[in-house]
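Peer 1: Below is the file entry_10.cif, with mmCIF, N, CA and C atoms.
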```cif
data_my_file
#
loop_
_atom_site.group_PDB
_atom_site.id
_atom_site.type_symbol
_atom_site.label_atom_id
_atom_site.label_comp_id
_atom_site.auth_asym_id
_atom_site.auth_seq_id
_atom_site.Cartn_x
_atom_site.Cartn_y
_atom_site.Cartn_z
ATOM 1 N N MET A 1 57.929 36.481 -73.575
ATOM 2 C CA MET A 1 56.858 37.355 -74.039
ATOM 3 C C MET A 1 55.582 36.580 -74.383
ATOM 4 N N PRO A 2 55.674 35.371 -74.962
ATOM 5 C CA PRO A 2 54.435 34.639 -75.261
ATOM 6 C C PRO A 2 53.597 34.363 -74.009
ATOM 7 N N GLU A 3 54.281 34.066 -72.881
ATOM 8 C CA GLU A 3 53.536 33.816 -71.645
ATOM 9 C C GLU A 3 52.791 35.071 -71.206
ATOM 10 N N GLU A 4 53.418 36.230 -71.370
ATOM 11 C CA GLU A 4 52.779 37.488 -70.982
ATOM 12 C C GLU A 4 51.542 37.746 -71.844
ATOM 13 N N ASN A 5 51.654 37.484 -73.141
ATOM 14 C CA ASN A 5 50.505 37.665 -74.033
ATOM 15 C C ASN A 5 49.383 36.694 -73.690
ATOM 16 N N ASP A 6 49.747 35.447 -73.348
ATOM 17 C CA ASP A 6 48.744 34.456 -72.974
ATOM 18 C C ASP A 6 48.026 34.898 -71.699
ATOM 19 N N LEU A 7 48.793 35.390 -70.744
ATOM 20 C CA LEU A 7 48.198 35.851 -69.489
ATOM 21 C C LEU A 7 47.277 37.041 -69.736
ATOM 22 N N ARG A 8 47.718 37.949 -70.575
ATOM 23 C CA ARG A 8 46.872 39.111 -70.892
ATOM 24 C C ARG A 8 45.563 38.681 -71.534
ATOM 25 N N SER A 9 45.622 37.741 -72.466
ATOM 26 C CA SER A 9 44.392 37.294 -73.124
ATOM 27 C C SER A 9 43.487 36.570 -72.135
ATOM 28 N N ARG A 10 44.073 35.819 -71.210
ATOM 29 C CA ARG A 10 43.267 35.123 -70.205
ATOM 30 C C ARG A 10 42.626 36.111 -69.244
ATOM 31 N N VAL A 11 43.367 37.127 -68.835
ATOM 32 C CA VAL A 11 42.809 38.158 -67.954
ATOM 33 C C VAL A 11 41.700 38.907 -68.681
ATOM 34 N N ASN A 12 41.939 39.221 -69.943
ATOM 35 C CA ASN A 12 40.929 39.923 -70.732
ATOM 36 C C ASN A 12 39.656 39.087 -70.842
ATOM 37 N N ALA A 13 39.791 37.804 -71.088
ATOM 38 C CA ALA A 13 38.628 36.918 -71.179
ATOM 39 C C ALA A 13 37.892 36.859 -69.845
ATOM 40 N N ALA A 14 38.636 36.801 -68.752
ATOM 41 C CA ALA A 14 38.013 36.764 -67.426
ATOM 42 C C ALA A 14 37.254 38.057 -67.147
ATOM 43 N N GLU A 15 37.824 39.187 -67.552
ATOM 44 C CA GLU A 15 37.144 40.471 -67.355
ATOM 45 C C GLU A 15 35.841 40.529 -68.149
ATOM 46 N N HIS A 16 35.852 39.994 -69.358
ATOM 47 C CA HIS A 16 34.636 39.983 -70.176
ATOM 48 C C HIS A 16 33.564 39.093 -69.545
ATOM 49 N N GLN A 17 33.988 37.954 -69.002
ATOM 50 C CA GLN A 17 33.030 37.069 -68.336
ATOM 51 C C GLN A 17 32.423 37.760 -67.124
ATOM 52 N N LEU A 18 33.248 38.441 -66.360
ATOM 53 C CA LEU A 18 32.766 39.157 -65.180
ATOM 54 C C LEU A 18 31.788 40.248 -65.583
ATOM 55 N N THR A 19 32.123 40.982 -66.621
ATOM 56 C CA THR A 19 31.247 42.053 -67.102
ATOM 57 C C THR A 19 29.901 41.487 -67.545
ATOM 58 N N ALA A 20 29.911 40.308 -68.124
ATOM 59 C CA ALA A 20 28.660 39.681 -68.559
ATOM 60 C C ALA A 20 27.830 39.203 -67.369
ATOM 61 N N LEU A 21 28.478 38.848 -66.273
ATOM 62 C CA LEU A 21 27.755 38.337 -65.104
ATOM 63 C C LEU A 21 27.077 39.440 -64.294
ATOM 64 N N ILE A 22 27.628 40.628 -64.304
ATOM 65 C CA ILE A 22 27.101 41.705 -63.460
ATOM 66 C C ILE A 22 25.621 41.983 -63.721
ATOM 67 N N PRO A 23 25.171 42.140 -64.978
ATOM 68 C CA PRO A 23 23.731 42.372 -65.187
ATOM 69 C C PRO A 23 22.866 41.199 -64.722
ATOM 70 N N ARG A 24 23.375 39.991 -64.845
ATOM 71 C CA ARG A 24 22.607 38.823 -64.401
ATOM 72 C C ARG A 24 22.460 38.828 -62.889
ATOM 73 N N ILE A 25 23.533 39.163 -62.189
ATOM 74 C CA ILE A 25 23.480 39.231 -60.728
ATOM 75 C C ILE A 25 22.544 40.344 -60.288
ATOM 76 N N THR A 26 22.618 41.477 -60.950
ATOM 77 C CA THR A 26 21.743 42.604 -60.631
ATOM 78 C C THR A 26 20.282 42.216 -60.822
ATOM 79 N N ALA A 27 19.977 41.517 -61.906
ATOM 80 C CA ALA A 27 18.601 41.084 -62.164
ATOM 81 C C ALA A 27 18.132 40.093 -61.100
ATOM 82 N N LEU A 28 19.005 39.188 -60.695
ATOM 83 C CA LEU A 28 18.641 38.237 -59.646
ATOM 84 C C LEU A 28 18.382 38.940 -58.319
ATOM 85 N N GLU A 29 19.214 39.919 -57.992
ATOM 86 C CA GLU A 29 19.010 40.671 -56.754
ATOM 87 C C GLU A 29 17.696 41.436 -56.791
ATOM 88 N N GLN A 30 17.364 42.013 -57.932
ATOM 89 C CA GLN A 30 16.104 42.744 -58.072
ATOM 90 C C GLN A 30 14.920 41.785 -57.911
ATOM 91 N N TRP A 31 15.006 40.629 -58.531
ATOM 92 C CA TRP A 31 13.951 39.629 -58.406
ATOM 93 C C TRP A 31 13.796 39.201 -56.944
ATOM 94 N N GLN A 32 14.922 39.001 -56.272
ATOM 95 C CA GLN A 32 14.891 38.586 -54.869
ATOM 96 C C GLN A 32 14.183 39.629 -54.010
ATOM 97 N N ARG A 33 14.474 40.893 -54.236
ATOM 98 C CA ARG A 33 13.810 41.967 -53.476
ATOM 99 C C ARG A 33 12.309 41.960 -53.739
ATOM 100 N N GLN A 34 11.921 41.764 -54.999
ATOM 101 C CA GLN A 34 10.495 41.745 -55.344
ATOM 102 C C GLN A 34 9.785 40.584 -54.654
ATOM 103 N N VAL A 35 10.432 39.436 -54.593
ATOM 104 C CA VAL A 35 9.847 38.280 -53.920
ATOM 105 C C VAL A 35 9.721 38.555 -52.424
ATOM 106 N N GLU A 36 10.751 39.155 -51.830
ATOM 107 C CA GLU A 36 10.695 39.474 -50.404
ATOM 108 C C GLU A 36 9.568 40.453 -50.103
ATOM 109 N N ILE A 37 9.393 41.449 -50.954
ATOM 110 C CA ILE A 37 8.313 42.426 -50.765
ATOM 111 C C ILE A 37 6.956 41.741 -50.905
ATOM 112 N N ALA A 38 6.816 40.898 -51.913
ATOM 113 C CA ALA A 38 5.553 40.180 -52.113
ATOM 114 C C ALA A 38 5.255 39.269 -50.922
ATOM 115 N N ASP A 39 6.272 38.603 -50.401
ATOM 116 C CA ASP A 39 6.080 37.741 -49.232
ATOM 117 C C ASP A 39 5.671 38.553 -48.012
ATOM 118 N N ALA A 40 6.292 39.705 -47.829
ATOM 119 C CA ALA A 40 5.956 40.559 -46.688
ATOM 120 C C ALA A 40 4.513 41.044 -46.793
ATOM 121 N N ARG A 41 4.091 41.392 -47.987
ATOM 122 C CA ARG A 41 2.701 41.825 -48.184
ATOM 123 C C ARG A 41 1.739 40.681 -47.895
ATOM 124 N N GLN A 42 2.116 39.493 -48.318
ATOM 125 C CA GLN A 42 1.269 38.319 -48.083
ATOM 126 C C GLN A 42 1.163 38.042 -46.581
ATOM 127 N N ASP A 43 2.254 38.228 -45.853
ATOM 128 C CA ASP A 43 2.252 37.992 -44.408
ATOM 129 C C ASP A 43 1.382 38.997 -43.671
ATOM 130 N N GLU A 44 1.247 40.198 -44.220
ATOM 131 C CA GLU A 44 0.437 41.228 -43.573
ATOM 132 C C GLU A 44 -1.050 40.909 -43.647
ATOM 133 N N ARG A 45 -1.447 40.109 -44.608
ATOM 134 C CA ARG A 45 -2.881 39.804 -44.789
ATOM 135 C C ARG A 45 -3.391 38.816 -43.778
#
```
Please re-express this file's structure in structure tokens.
Peer 2:
Amino acid sequence: MPEENDLRSRVNAAEHQLTALIPRITALEQWQRQVEIADARQDER
């Protein structure tokens, strides 16, 4: 049973880390799109 509890706590910690990363990834993707749009506008000039 101790191994099962350890595994559960490790999985729980991993899920929390993943949940924390999602907004950061979303922000990076949004920034990337904005840069691509700005570059495309610059190329049109």
Peer 1: Around region 28-38 of chain A, fit a box with edges along x, y and z, padding it by 6 Å on each side, then list its centre and edge lengths in Å to one decimal as AutoDock Vina command-line options.
Peer 2:
```
--center_x 12.2 --center_y 40.5 --center_z -55.4 --size_x 26.0 --size_y 16.5 --size_z 22.6
```
Peer 1: One decimal, in Å: what's the spacing between atom C of Asp39 (chain A) and atom C of Ala27 (chain A)?
Peer 2: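 Calculated distance between atom C of Asp39 (chain A) and atom C of Ala27 (chain A) is 18.1 Å.
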Peer 1: So the first atom is CA of Pro23 (chain A) and the second is CA of Asn5 (chain A); what is the distance between them in Å, to one decimal place?
Peer 2: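 Computing the Euclidean distance for CA of Pro23 (chain A) and CA of Asn5 (chain A) yields 28.6 Å.
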